[in-house]
Amino acid sequence: MGDQREPAGPGSVDEVVTLLRARGDALEALLERAGRRREEHLAHEGRPGTVTYSPKVFVPLTRLCRDRCHYCTFATVPGRVPAAYLELDEVLGIARAGADQGCTEVLFTLGDRPEARWSAADAWLTARGYASTIDYVRTAAQAVLDGTGLLPHLNPGVMTPDELAALRPVAPSMGMMLESTSTLLVEPGGAHFGSPDKEPAVRLAAIEDAGRARVPFTTGILVGIGESLRDRAESLLALARLADEYGHVQEVIVQNFRAKPDTAMRGEPDAEFDEFVAAVAVARLLMPLGVTVQAPPNLAGELGDAGDAASDQALLLRAGIDDWGGVSPVTPDHVNPERPWPGLDDLAAVTGAAGFALRPRLTVYPRYQREPGWIDPAVAPAVGKLADADGLRETERSGARPVEMAPR
Ligand SMILES: O=c1nc2n(C[C@H](O)[C@H](O)[C@H](O)CO)c3cc(O)ccc3cc-2c(=O)[nH]1
Ligand SMILES: C[C@H]1O[C@@H](n2cnc3c(N)ncnc32)[C@H](O)[C@@H]1O
Ligand code: MET
Ligand code: SF4
């Protein structure tokens with residue numbers, strides 16, 4: 001993987017900020033550059049003309065969390081949930097429903113270390129003999145592997161080196177968003193005030209630890225949480241450096257937080273989306289070849305307006321994404337529950353109209369399957385059973401239909 005880094009262009013923070021500001025003709029030029037870089041990336045990976053997604057189910061193992069991110073509606077209090085954690089049979093029920101629909105991924109997304117804050121979480125774990133939330137994640141992921149053959153992707157927040165090592169045999173990939181390198185956000189009034197796990201130094205160190213542990217890793221940034229353009233530039237540069245140094249960053253998610261209607265950007269929805277699209281394009285330019293750039297399709301467009309979603313999705317494709325992330329025929333996006341998944345036919349149509357074939361993939365990307373040392377021997381057979389010859393997922397077996405490609 002070592003030689004994949006080419007000078008992708010913008011080097012200094014100032015240059016990156018200028019690109020993030022691009023609008024009008026400058027934005028058009030940026031999108032074209034990013035599109036060319038995506039073609040280069042896909043050729044480098046041996047899958048030209050292919051945009052992927054992961055057919056998945058979402059397992060919100062616990063919605064209790066020790067952090068208090070101001071944008072998060074996922075985290076809640078013990079009184080509002082039937083139990084602190086899902087039981088193993090509930091997890092398996094969700095995974096089996098996914099298997100029936102051709103899914104290959106079980107996404108474990110959960111609150112960070114809730115036992116450090118909530119006695120209900122601590123009591124639940126203790127009663128069942130688990131030492132920590134991460135210990136229970138390991139058991140639940142193993143149960144999914146054994147019971148369904150689906151592949152766990154683990155997104156449990158900050159992990160220590162010991163925890164990464166413990167989880168590696170039960171999941172071919174893990175992830176954690178950097179969110180932002182902005183230290184101001186952790187100060188009073190900031191979106192991360194009261195969230196010790198969102199301290200930028202802690203997050204950067206955890207992503208680095210995942211690299212040392214050789215865990216194929218998903219990370220990314222959240223756009224529009226009060227960070228400045230300079231913060232955004234520094235965040236993307238930091239991720240590019242980590243990807244370059246350790247080679248473990250399989251994908252970078254650029255996720256848009258949509259500011260609520262009563263905040264500063266009210267009345268400028270297009271400007272807001274252009275700003276997000278510029279961030280996507282800049283991510284593509286900065287990342288080494290081999291790093292997928294992902295944007296979720298369900299956060300595009302005005303809620304309930306299919307045409308608007310389709311045109312926003314088309315813009316994301318122009319900005320250089322090559323993946324839509326996890327899409328579920330079974331479970332909602334529990335992090336953004338008001339935003340339903342697009343139908344696969346619609347997503348295939350948008351992707352096809354842009355000149356790409358939409359293909360299902362596994363949680364772990366093909367290059368980590370090809371190169372030795374990335375996937376733990378304990379979980380490698382489960383990956384092998386689901387993978388096509390090229391390391392993606394066979395289209396027929398996933399329930400997704402092949403798409404006619406429009407001329408480019
Ligand atoms: O449905 C979602 N999937 C999310 N995913 C899942 C992602 O779309 C896929 O699981 C990965 O691409 C692996 O296939 C994340 C995965 C990570 O590792 C880190 C953050 C996220 C964030 C989300 C999210 O907000 N909603
Ligand atoms: C799982 C990931 O989802 C993102 N996340 C959390 N809350 C929101 C929201 N309201 N809108 C968009 N993304 C969000 C964070 O980046 C987290 O790491
Ligand atoms: C629901 S948020 C995703 C997982 C973890 N709590 C984090 O913020 O990183
Ligand atoms: S750490 Fe994750 S689950 Fe917890 S409040 Fe923040 S975004 Fe929500």
# chains A, B, ... in the order shown; residues from 1 in each chain; ligands from 1

call {"tool": "residues_around", "arguments": {"residues": "Cys65 of chain A", "least_positions_apart": "6", "cutoff": "12 Å", "atoms": "only C-alpha atoms", "output": "MDAnalysis selection string"}}
result
chainID A and resid 72:78 84:85 109:122 133 156:158 194:197

call {"tool": "closest_atom_pairs", "arguments": {"of": "segment 4-92 of chain A", "to": "segment 269-292 of chain A", "cutoff": "12 Å", "atoms": "only C-alpha atoms", "output": "CSV"}}
result
residue,atom,partner,partner_atom,distance
A:Gln4,CA,A:Leu289,CA,5.6
A:Arg5,CA,A:Pro288,CA,5.0
A:Glu6,CA,A:Pro288,CA,7.0
A:Pro7,CA,A:Leu286,CA,8.5
A:Ala8,CA,A:Leu285,CA,5.6
A:Gly9,CA,A:Leu285,CA,6.9
A:Pro10,CA,A:Leu286,CA,7.2
A:Gly11,CA,A:Leu286,CA,8.4
A:Ser12,CA,A:Leu286,CA,10.9
A:Val13,CA,A:Leu286,CA,11.3
A:Glu15,CA,A:Val282,CA,10.6
A:Val16,CA,A:Val282,CA,7.4
A:Val17,CA,A:Val282,CA,9.4
A:Thr18,CA,A:Val282,CA,10.2
A:Leu19,CA,A:Val282,CA,7.0
A:Leu20,CA,A:Ala278,CA,5.4
A:Arg21,CA,A:Glu275,CA,7.1
A:Ala22,CA,A:Ala278,CA,6.8
A:Arg23,CA,A:Asp274,CA,7.2
A:Gly24,CA,A:Asp274,CA,9.2
A:Ala26,CA,A:Ala278,CA,10.0
A:Leu27,CA,A:Ala278,CA,6.9
A:Glu28,CA,A:Ala278,CA,9.6
A:Ala29,CA,A:Ala281,CA,10.3
A:Leu30,CA,A:Ala281,CA,6.8
A:Leu31,CA,A:Ala281,CA,6.1
A:Glu32,CA,A:Ala281,CA,9.0
A:Arg33,CA,A:Leu285,CA,7.7
A:Ala34,CA,A:Ala281,CA,5.3
A:Gly35,CA,A:Ala281,CA,8.0
A:Arg36,CA,A:Leu285,CA,9.3
A:Arg37,CA,A:Leu285,CA,6.5
A:Arg38,CA,A:Arg284,CA,6.9
A:Glu39,CA,A:Leu289,CA,10.0
A:Glu40,CA,A:Leu289,CA,7.4
A:His41,CA,A:Leu289,CA,4.9
A:Leu42,CA,A:Gly290,CA,7.7
A:Ala43,CA,A:Gly290,CA,9.5
A:His44,CA,A:Gly290,CA,6.9
A:Glu45,CA,A:Gly290,CA,6.2
A:Gly46,CA,A:Gly290,CA,10.0
A:Arg47,CA,A:Gly290,CA,10.9
A:Thr50,CA,A:Thr292,CA,11.5
A:Val51,CA,A:Thr292,CA,9.8
A:Thr52,CA,A:Thr292,CA,9.6
A:Tyr53,CA,A:Thr292,CA,11.1

call {"tool": "select_by_dssp", "arguments": {"residues": "segment 225-393 of chain A", "states": "helix (DSSP H, G or I)", "output": "compact mmCIF listing (two decimals) with N, CA, C and O atoms, in the first residue's frame"}}
result
# COMPACT_ATOMS: atom_id res chain seq x y z
N LEU A 229 -13.97 26.65 8.95
CA LEU A 229 -13.42 26.05 7.73
C LEU A 229 -11.99 25.59 7.97
O LEU A 229 -11.55 24.57 7.44
N ARG A 230 -11.27 26.34 8.78
CA ARG A 230 -9.89 25.96 9.10
C ARG A 230 -9.87 24.64 9.87
O ARG A 230 -9.06 23.76 9.62
N ASP A 231 -10.81 24.50 10.83
CA ASP A 231 -10.93 23.23 11.57
C ASP A 231 -11.21 22.08 10.59
O ASP A 231 -10.66 20.98 10.71
N ARG A 232 -12.11 22.34 9.67
CA ARG A 232 -12.49 21.30 8.71
C ARG A 232 -11.29 20.90 7.85
O ARG A 232 -11.06 19.72 7.61
N ALA A 233 -10.54 21.92 7.43
CA ALA A 233 -9.33 21.65 6.64
C ALA A 233 -8.33 20.82 7.45
O ALA A 233 -7.79 19.82 6.98
N GLU A 234 -8.12 21.23 8.70
CA GLU A 234 -7.15 20.52 9.55
C GLU A 234 -7.61 19.09 9.84
O GLU A 234 -6.80 18.16 9.89
N SER A 235 -8.92 18.91 10.00
CA SER A 235 -9.45 17.57 10.26
C SER A 235 -9.18 16.65 9.08
O SER A 235 -8.74 15.51 9.25
N LEU A 236 -9.46 17.15 7.88
CA LEU A 236 -9.24 16.31 6.69
C LEU A 236 -7.76 16.04 6.47
O LEU A 236 -7.36 14.93 6.10
N LEU A 237 -6.93 17.05 6.73
CA LEU A 237 -5.48 16.83 6.58
C LEU A 237 -4.98 15.81 7.59
O LEU A 237 -4.13 14.96 7.27
N ALA A 238 -5.53 15.86 8.81
CA ALA A 238 -5.12 14.89 9.84
C ALA A 238 -5.50 13.47 9.41
O ALA A 238 -4.70 12.52 9.57
N LEU A 239 -6.69 13.30 8.86
CA LEU A 239 -7.10 11.96 8.42
C LEU A 239 -6.25 11.48 7.25
O LEU A 239 -5.89 10.30 7.18
N ALA A 240 -5.92 12.39 6.35
CA ALA A 240 -5.07 12.01 5.20
C ALA A 240 -3.70 11.53 5.69
O ALA A 240 -3.15 10.56 5.18
N ARG A 241 -3.17 12.24 6.70
CA ARG A 241 -1.87 11.85 7.26
C ARG A 241 -1.93 10.46 7.90
O ARG A 241 -1.05 9.63 7.71
N LEU A 242 -2.98 10.22 8.67
CA LEU A 242 -3.14 8.91 9.34
C LEU A 242 -3.31 7.80 8.29
O LEU A 242 -2.75 6.71 8.44
N ALA A 243 -4.08 8.08 7.27
CA ALA A 243 -4.30 7.09 6.19
C ALA A 243 -2.97 6.77 5.52
O ALA A 243 -2.66 5.61 5.23
N ASP A 244 -2.19 7.81 5.32
CA ASP A 244 -0.90 7.65 4.64
C ASP A 244 0.08 6.86 5.51
O ASP A 244 0.79 5.97 5.04
N GLU A 245 0.10 7.18 6.78
CA GLU A 245 1.08 6.57 7.67
C GLU A 245 0.79 5.10 7.97
O GLU A 245 1.70 4.28 7.99
N TYR A 246 -0.47 4.76 8.20
CA TYR A 246 -0.80 3.39 8.65
C TYR A 246 -1.49 2.54 7.59
O TYR A 246 -1.54 1.31 7.73
N PRO A 269 -30.49 26.96 2.50
CA PRO A 269 -30.24 25.52 2.40
C PRO A 269 -29.29 25.15 1.27
O PRO A 269 -28.48 24.26 1.42
N ASP A 270 -29.35 25.88 0.15
CA ASP A 270 -28.48 25.52 -0.98
C ASP A 270 -27.03 25.83 -0.65
O ASP A 270 -26.14 25.04 -0.89
N ALA A 271 -26.84 27.01 -0.07
CA ALA A 271 -25.48 27.40 0.33
C ALA A 271 -24.93 26.35 1.29
O ALA A 271 -23.78 25.93 1.19
N GLU A 272 -25.77 25.89 2.19
CA GLU A 272 -25.34 24.92 3.18
C GLU A 272 -24.92 23.61 2.49
O GLU A 272 -23.90 23.03 2.84
N PHE A 273 -25.71 23.18 1.54
CA PHE A 273 -25.38 21.92 0.89
C PHE A 273 -24.14 22.08 0.01
O PHE A 273 -23.30 21.17 -0.07
N ASP A 274 -23.98 23.24 -0.63
CA ASP A 274 -22.76 23.49 -1.42
C ASP A 274 -21.52 23.40 -0.53
O ASP A 274 -20.48 22.90 -0.95
N GLU A 275 -21.64 23.91 0.66
CA GLU A 275 -20.51 23.88 1.58
C GLU A 275 -20.14 22.42 1.92
O GLU A 275 -18.98 22.04 1.98
N PHE A 276 -21.17 21.62 2.11
CA PHE A 276 -20.96 20.21 2.41
C PHE A 276 -20.34 19.49 1.20
O PHE A 276 -19.37 18.72 1.34
N VAL A 277 -20.86 19.78 0.02
CA VAL A 277 -20.36 19.15 -1.20
C VAL A 277 -18.89 19.51 -1.42
O VAL A 277 -18.07 18.66 -1.81
N ALA A 278 -18.53 20.75 -1.12
CA ALA A 278 -17.12 21.17 -1.25
C ALA A 278 -16.25 20.34 -0.29
O ALA A 278 -15.14 19.92 -0.64
N ALA A 279 -16.77 20.07 0.90
CA ALA A 279 -15.99 19.26 1.87
C ALA A 279 -15.79 17.83 1.35
O ALA A 279 -14.72 17.24 1.52
N VAL A 280 -16.81 17.30 0.70
CA VAL A 280 -16.70 15.96 0.12
C VAL A 280 -15.61 15.95 -0.95
O VAL A 280 -14.73 15.07 -0.98
N ALA A 281 -15.65 16.95 -1.83
CA ALA A 281 -14.67 17.01 -2.93
C ALA A 281 -13.25 17.18 -2.39
O ALA A 281 -12.31 16.55 -2.88
N VAL A 282 -13.10 18.01 -1.36
CA VAL A 282 -11.77 18.22 -0.79
C VAL A 282 -11.27 16.94 -0.12
O VAL A 282 -10.09 16.58 -0.22
N ALA A 283 -12.18 16.21 0.54
CA ALA A 283 -11.78 14.92 1.13
C ALA A 283 -11.23 14.02 0.03
O ALA A 283 -10.18 13.39 0.20
N ARG A 284 -11.89 13.96 -1.08
CA ARG A 284 -11.43 13.11 -2.19
C ARG A 284 -10.03 13.53 -2.66
O ARG A 284 -9.16 12.69 -2.89
N LEU A 285 -9.82 14.84 -2.77
CA LEU A 285 -8.51 15.31 -3.26
C LEU A 285 -7.40 15.02 -2.27
O LEU A 285 -6.26 14.74 -2.66
N LEU A 286 -7.70 15.08 -0.99
CA LEU A 286 -6.64 14.94 0.02
C LEU A 286 -6.29 13.50 0.35
O LEU A 286 -5.16 13.20 0.74
N PRO A 297 -26.58 8.45 1.70
CA PRO A 297 -27.60 8.94 0.76
C PRO A 297 -28.86 9.45 1.45
O PRO A 297 -29.60 10.24 0.87
N ASN A 298 -29.08 9.03 2.69
CA ASN A 298 -30.34 9.41 3.37
C ASN A 298 -30.28 10.79 4.00
O ASN A 298 -31.29 11.28 4.49
N LEU A 299 -29.10 11.41 4.00
CA LEU A 299 -29.00 12.78 4.55
C LEU A 299 -29.02 13.82 3.44
O LEU A 299 -28.80 15.00 3.67
N ALA A 306 -38.34 13.35 -2.91
CA ALA A 306 -37.49 12.36 -3.58
C ALA A 306 -36.65 13.00 -4.70
O ALA A 306 -35.48 12.66 -4.89
N GLY A 307 -37.25 13.96 -5.40
CA GLY A 307 -36.52 14.61 -6.51
C GLY A 307 -35.34 15.40 -5.98
O GLY A 307 -34.24 15.37 -6.55
N ASP A 308 -35.54 16.08 -4.86
CA ASP A 308 -34.49 16.87 -4.24
C ASP A 308 -33.36 15.96 -3.74
O ASP A 308 -32.17 16.26 -3.92
N ALA A 309 -33.75 14.83 -3.14
CA ALA A 309 -32.74 13.87 -2.68
C ALA A 309 -31.92 13.38 -3.86
O ALA A 309 -30.69 13.32 -3.79
N ALA A 310 -32.59 13.06 -4.95
CA ALA A 310 -31.88 12.54 -6.13
C ALA A 310 -30.89 13.58 -6.67
O ALA A 310 -29.76 13.23 -7.05
N SER A 311 -31.29 14.85 -6.70
CA SER A 311 -30.36 15.84 -7.26
C SER A 311 -29.18 16.09 -6.31
O SER A 311 -28.05 16.28 -6.75
N ASP A 312 -29.44 16.05 -5.00
CA ASP A 312 -28.33 16.16 -4.04
C ASP A 312 -27.40 14.95 -4.14
O ASP A 312 -26.17 15.08 -4.06
N GLN A 313 -27.97 13.78 -4.30
CA GLN A 313 -27.15 12.56 -4.44
C GLN A 313 -26.29 12.65 -5.70
O GLN A 313 -25.11 12.26 -5.69
N ALA A 314 -26.88 13.18 -6.77
CA ALA A 314 -26.11 13.33 -8.02
C ALA A 314 -24.92 14.26 -7.80
O ALA A 314 -23.82 14.03 -8.31
N LEU A 315 -25.15 15.29 -7.00
CA LEU A 315 -24.08 16.25 -6.69
C LEU A 315 -22.97 15.57 -5.87
O LEU A 315 -21.77 15.81 -6.08
N LEU A 316 -23.35 14.70 -4.95
CA LEU A 316 -22.35 13.97 -4.15
C LEU A 316 -21.50 13.07 -5.06
O LEU A 316 -20.29 12.94 -4.86
N LEU A 317 -22.13 12.47 -6.04
CA LEU A 317 -21.37 11.64 -6.99
C LEU A 317 -20.40 12.52 -7.79
O LEU A 317 -19.24 12.15 -7.99
N ARG A 318 -20.86 13.69 -8.18
CA ARG A 318 -19.95 14.60 -8.91
C ARG A 318 -18.79 15.03 -8.02
O ARG A 318 -17.70 15.31 -8.50
N LEU A 344 -33.27 0.77 -2.95
CA LEU A 344 -32.09 0.40 -3.74
C LEU A 344 -32.30 0.69 -5.22
O LEU A 344 -31.35 1.04 -5.93
N ASP A 345 -33.52 0.55 -5.70
CA ASP A 345 -33.79 0.86 -7.11
C ASP A 345 -33.52 2.33 -7.40
O ASP A 345 -32.92 2.68 -8.42
N ASP A 346 -33.96 3.20 -6.48
CA ASP A 346 -33.74 4.64 -6.67
C ASP A 346 -32.25 4.98 -6.61
O ASP A 346 -31.74 5.77 -7.41
N LEU A 347 -31.57 4.36 -5.65
CA LEU A 347 -30.14 4.63 -5.51
C LEU A 347 -29.37 4.13 -6.74
O LEU A 347 -28.45 4.79 -7.24
N ALA A 348 -29.78 2.96 -7.24
CA ALA A 348 -29.16 2.42 -8.44
C ALA A 348 -29.43 3.32 -9.64
O ALA A 348 -28.55 3.52 -10.50
N ALA A 349 -30.62 3.91 -9.69
CA ALA A 349 -30.96 4.79 -10.82
C ALA A 349 -30.11 6.06 -10.79
O ALA A 349 -29.54 6.46 -11.82
N VAL A 350 -29.99 6.68 -9.62
CA VAL A 350 -29.17 7.90 -9.49
C VAL A 350 -27.71 7.58 -9.84
O VAL A 350 -27.04 8.34 -10.55
N THR A 351 -27.24 6.46 -9.32
CA THR A 351 -25.84 6.07 -9.54
C THR A 351 -25.61 5.74 -11.01
O THR A 351 -24.60 6.15 -11.61
N GLY A 352 -26.56 5.03 -11.60
CA GLY A 352 -26.47 4.67 -13.02
C GLY A 352 -26.51 5.89 -13.93
O GLY A 352 -25.77 5.98 -14.91
N ALA A 353 -27.35 6.85 -13.58
CA ALA A 353 -27.47 8.07 -14.41
C ALA A 353 -26.16 8.84 -14.41
O ALA A 353 -25.85 9.55 -15.36
N PRO A 366 -11.97 -4.70 -0.59
CA PRO A 366 -11.19 -5.75 -1.26
C PRO A 366 -9.69 -5.70 -0.99
O PRO A 366 -9.07 -6.75 -0.81
N ARG A 367 -9.09 -4.52 -0.94
CA ARG A 367 -7.63 -4.52 -0.82
C ARG A 367 -7.15 -5.10 0.50
O ARG A 367 -6.05 -5.65 0.60
N TYR A 368 -7.98 -5.01 1.55
CA TYR A 368 -7.60 -5.59 2.84
C TYR A 368 -7.80 -7.10 2.85
O TYR A 368 -7.24 -7.80 3.70
N GLN A 369 -8.62 -7.57 1.94
CA GLN A 369 -8.79 -9.02 1.78
C GLN A 369 -7.60 -9.60 1.01
O GLN A 369 -7.16 -10.72 1.26
N ARG A 370 -7.09 -8.81 0.05
CA ARG A 370 -5.97 -9.28 -0.79
C ARG A 370 -4.65 -9.26 -0.03
O ARG A 370 -3.84 -10.16 -0.15
N ALA A 380 -11.42 -14.35 9.17
CA ALA A 380 -11.17 -14.41 7.72
C ALA A 380 -12.08 -15.40 6.98
O ALA A 380 -12.58 -15.08 5.89
N PRO A 381 -12.34 -16.59 7.53
CA PRO A 381 -13.22 -17.52 6.79
C PRO A 381 -14.62 -16.95 6.56
O PRO A 381 -15.22 -17.19 5.51
N ALA A 382 -15.13 -16.21 7.53
CA ALA A 382 -16.47 -15.62 7.38
C ALA A 382 -16.48 -14.61 6.24
O ALA A 382 -17.46 -14.49 5.49
N VAL A 383 -15.38 -13.87 6.08
CA VAL A 383 -15.28 -12.92 4.98
C VAL A 383 -15.22 -13.68 3.66
O VAL A 383 -15.93 -13.36 2.70
N GLY A 384 -14.39 -14.72 3.64
CA GLY A 384 -14.21 -15.51 2.42
C GLY A 384 -15.51 -16.12 1.91
O GLY A 384 -15.75 -16.20 0.71
N LYS A 385 -16.37 -16.49 2.84
CA LYS A 385 -17.64 -17.12 2.45
C LYS A 385 -18.58 -16.15 1.73
O LYS A 385 -19.40 -16.57 0.93
N LEU A 386 -18.47 -14.87 2.04
CA LEU A 386 -19.40 -13.89 1.47
C LEU A 386 -18.85 -13.16 0.26
O LEU A 386 -19.59 -12.58 -0.51

call {"tool": "residues_near_ligand", "arguments": {"ligand": "ligand 1", "cutoff": "6 Å", "atoms": "only C-alpha atoms and all ligand atoms", "output": "mmCIF file with all heavy atoms, in the first residue's frame"}}
result
data_model
loop_
_atom_site.group_PDB
_atom_site.id
_atom_site.type_symbol
_atom_site.label_atom_id
_atom_site.label_comp_id
_atom_site.auth_asym_id
_atom_site.auth_seq_id
_atom_site.Cartn_x
_atom_site.Cartn_y
_atom_site.Cartn_z
ATOM 1 N N SER A 54 -23.070 -0.972 1.336
ATOM 2 C CA SER A 54 -23.036 -2.198 2.132
ATOM 3 C C SER A 54 -24.446 -2.522 2.622
ATOM 4 O O SER A 54 -25.010 -1.769 3.423
ATOM 5 C CB SER A 54 -22.085 -2.016 3.319
ATOM 6 O OG SER A 54 -22.100 -3.174 4.138
ATOM 7 N N LEU A 107 -24.048 -3.708 11.640
ATOM 8 C CA LEU A 107 -23.396 -2.520 12.182
ATOM 9 C C LEU A 107 -23.747 -2.356 13.660
ATOM 10 O O LEU A 107 -24.911 -2.170 14.006
ATOM 11 C CB LEU A 107 -23.869 -1.283 11.399
ATOM 12 C CG LEU A 107 -23.542 0.090 12.007
ATOM 13 C CD1 LEU A 107 -22.051 0.340 12.008
ATOM 14 C CD2 LEU A 107 -24.282 1.195 11.255
ATOM 15 N N HIS A 153 -19.510 -4.915 11.833
ATOM 16 C CA HIS A 153 -18.674 -3.708 11.742
ATOM 17 C C HIS A 153 -18.925 -2.958 13.048
ATOM 18 O O HIS A 153 -20.065 -2.640 13.372
ATOM 19 C CB HIS A 153 -19.057 -2.850 10.526
ATOM 20 C CG HIS A 153 -18.298 -1.551 10.460
ATOM 21 N ND1 HIS A 153 -17.034 -1.449 9.897
ATOM 22 C CD2 HIS A 153 -18.610 -0.309 10.895
ATOM 23 C CE1 HIS A 153 -16.617 -0.185 9.994
ATOM 24 N NE2 HIS A 153 -17.549 0.522 10.590
ATOM 25 N N ASN A 155 -18.655 0.038 15.757
ATOM 26 C CA ASN A 155 -18.566 1.492 15.911
ATOM 27 C C ASN A 155 -18.995 1.852 17.344
ATOM 28 O O ASN A 155 -20.026 2.462 17.564
ATOM 29 C CB ASN A 155 -19.476 2.139 14.828
ATOM 30 C CG ASN A 155 -19.593 3.644 14.912
ATOM 31 O OD1 ASN A 155 -20.646 4.210 14.623
ATOM 32 N ND2 ASN A 155 -18.540 4.313 15.304
ATOM 33 N N MET A 174 -13.670 -2.017 11.756
ATOM 34 C CA MET A 174 -14.235 -1.189 12.838
ATOM 35 C C MET A 174 -14.195 0.260 12.371
ATOM 36 O O MET A 174 -13.620 0.573 11.326
ATOM 37 C CB MET A 174 -13.399 -1.317 14.115
ATOM 38 C CG MET A 174 -13.240 -2.735 14.609
ATOM 39 S SD MET A 174 -12.240 -2.808 16.113
ATOM 40 C CE MET A 174 -11.601 -4.474 15.971
ATOM 41 N N GLY A 175 -14.783 1.120 13.183
ATOM 42 C CA GLY A 175 -14.752 2.525 12.800
ATOM 43 C C GLY A 175 -15.078 3.454 13.939
ATOM 44 O O GLY A 175 -15.642 3.048 14.961
ATOM 45 N N MET A 176 -14.681 4.692 13.736
ATOM 46 C CA MET A 176 -15.021 5.767 14.661
ATOM 47 C C MET A 176 -14.771 7.079 13.939
ATOM 48 O O MET A 176 -13.671 7.305 13.417
ATOM 49 C CB MET A 176 -14.150 5.687 15.916
ATOM 50 C CG MET A 176 -14.529 6.710 16.967
ATOM 51 S SD MET A 176 -13.250 6.868 18.224
ATOM 52 C CE MET A 176 -11.938 7.661 17.301
ATOM 53 N N MET A 177 -15.770 7.916 13.913
ATOM 54 C CA MET A 177 -15.598 9.215 13.275
ATOM 55 C C MET A 177 -14.620 10.063 14.093
ATOM 56 O O MET A 177 -14.713 10.100 15.325
ATOM 57 C CB MET A 177 -16.943 9.945 13.198
ATOM 58 C CG MET A 177 -18.006 9.233 12.388
ATOM 59 S SD MET A 177 -17.821 9.466 10.621
ATOM 60 C CE MET A 177 -18.719 11.021 10.419
ATOM 61 N N THR A 218 -12.795 2.623 9.449
ATOM 62 C CA THR A 218 -13.662 3.645 8.864
ATOM 63 C C THR A 218 -13.641 4.855 9.776
ATOM 64 O O THR A 218 -13.815 4.715 10.987
ATOM 65 C CB THR A 218 -15.106 3.103 8.764
ATOM 66 O OG1 THR A 218 -15.119 1.973 7.908
ATOM 67 C CG2 THR A 218 -16.060 4.157 8.245
ATOM 68 N N THR A 219 -13.406 6.028 9.206
ATOM 69 C CA THR A 219 -13.483 7.230 10.027
ATOM 70 C C THR A 219 -14.086 8.342 9.188
ATOM 71 O O THR A 219 -14.622 8.074 8.107
ATOM 72 C CB THR A 219 -12.103 7.588 10.622
ATOM 73 O OG1 THR A 219 -12.249 8.732 11.482
ATOM 74 C CG2 THR A 219 -11.058 7.866 9.564
ATOM 75 N N GLY A 325 -22.101 3.907 1.759
ATOM 76 C CA GLY A 325 -22.130 3.408 3.134
ATOM 77 C C GLY A 325 -23.155 2.296 3.316
ATOM 78 O O GLY A 325 -23.608 1.682 2.365
ATOM 79 N N GLY A 326 -23.479 2.069 4.572
ATOM 80 C CA GLY A 326 -24.454 1.039 4.882
ATOM 81 C C GLY A 326 -25.857 1.508 4.531
ATOM 82 O O GLY A 326 -26.241 2.613 4.884
ATOM 83 N N ASP A 333 -31.897 4.112 10.154
ATOM 84 C CA ASP A 333 -30.638 4.724 10.580
ATOM 85 C C ASP A 333 -30.916 5.301 11.970
ATOM 86 O O ASP A 333 -31.472 6.378 12.098
ATOM 87 C CB ASP A 333 -30.249 5.829 9.583
ATOM 88 C CG ASP A 333 -28.971 6.553 9.983
ATOM 89 O OD1 ASP A 333 -28.464 6.314 11.100
ATOM 90 O OD2 ASP A 333 -28.486 7.369 9.181
ATOM 91 N N VAL A 335 -29.187 6.706 14.071
ATOM 92 C CA VAL A 335 -28.548 7.985 14.376
ATOM 93 C C VAL A 335 -29.347 9.146 13.757
ATOM 94 O O VAL A 335 -29.379 10.247 14.284
ATOM 95 C CB VAL A 335 -27.085 8.011 13.869
ATOM 96 C CG1 VAL A 335 -26.451 9.374 14.091
ATOM 97 C CG2 VAL A 335 -26.266 6.935 14.559
ATOM 98 N N THR A 363 -18.167 -5.314 4.578
ATOM 99 C CA THR A 363 -17.738 -4.242 5.496
ATOM 100 C C THR A 363 -16.269 -3.909 5.270
ATOM 101 O O THR A 363 -15.854 -2.775 5.453
ATOM 102 C CB THR A 363 -17.882 -4.664 6.970
ATOM 103 O OG1 THR A 363 -16.976 -5.738 7.223
ATOM 104 C CG2 THR A 363 -19.293 -5.100 7.287
#

call {"tool": "closest_residue", "arguments": {"among": "A:His248, A:Arg168, A:Arg63, A:Arg212", "to": "ligand 2", "atoms": "only C-alpha atoms and all ligand atoms"}}
result
A:Arg63

call {"tool": "atom_distance", "arguments": {"atom1": "atom CA of Pro342 of chain A", "atom2": "atom CA of Glu394 of chain A"}}
result
20.8 Å

call {"tool": "closest_residue", "arguments": {"among": "A:Val81, A:Arg339, A:Lys56, A:Val186", "to": "Ala201 of chain A", "atoms": "only C-alpha atoms"}}
result
A:Val186

call {"tool": "closest_residue", "arguments": {"among": "A:Glu338, A:Glu105, A:Glu87, A:Asp100", "to": "ligand 2", "atoms": "only C-alpha atoms and all ligand atoms"}}
result
A:Glu338

call {"tool": "closest_residue", "arguments": {"among": "A:Arg361, A:Arg80, A:His334, A:Arg96", "to": "ligand 4", "atoms": "only C-alpha atoms and all ligand atoms"}}
result
A:His334

call {"tool": "closest_residue", "arguments": {"among": "A:Glu90, A:Asp25, A:Glu179, A:Glu371", "to": "Arg214 of chain A", "atoms": "only C-alpha atoms"}}
result
A:Glu371

call {"tool": "atom_distance", "arguments": {"atom1": "atom CA of Val202 of chain A", "atom2": "atom CA of Glu187 of chain A"}}
result
15.1 Å

call {"tool": "closest_residue", "arguments": {"among": "A:Cys103, A:Leu184, A:Ala191, A:Ala319", "to": "Gly149 of chain A", "atoms": "only C-alpha atoms"}}
result
A:Cys103

call {"tool": "select_by_dssp", "arguments": {"residues": "segment 26-161 of chain A", "states": "strand (DSSP E)", "output": "count of residues only"}}
result
20

call {"tool": "atom_distance", "arguments": {"atom1": "atom CA of Ala378 of chain A", "atom2": "atom CA of Val137 of chain A"}}
result
16.3 Å
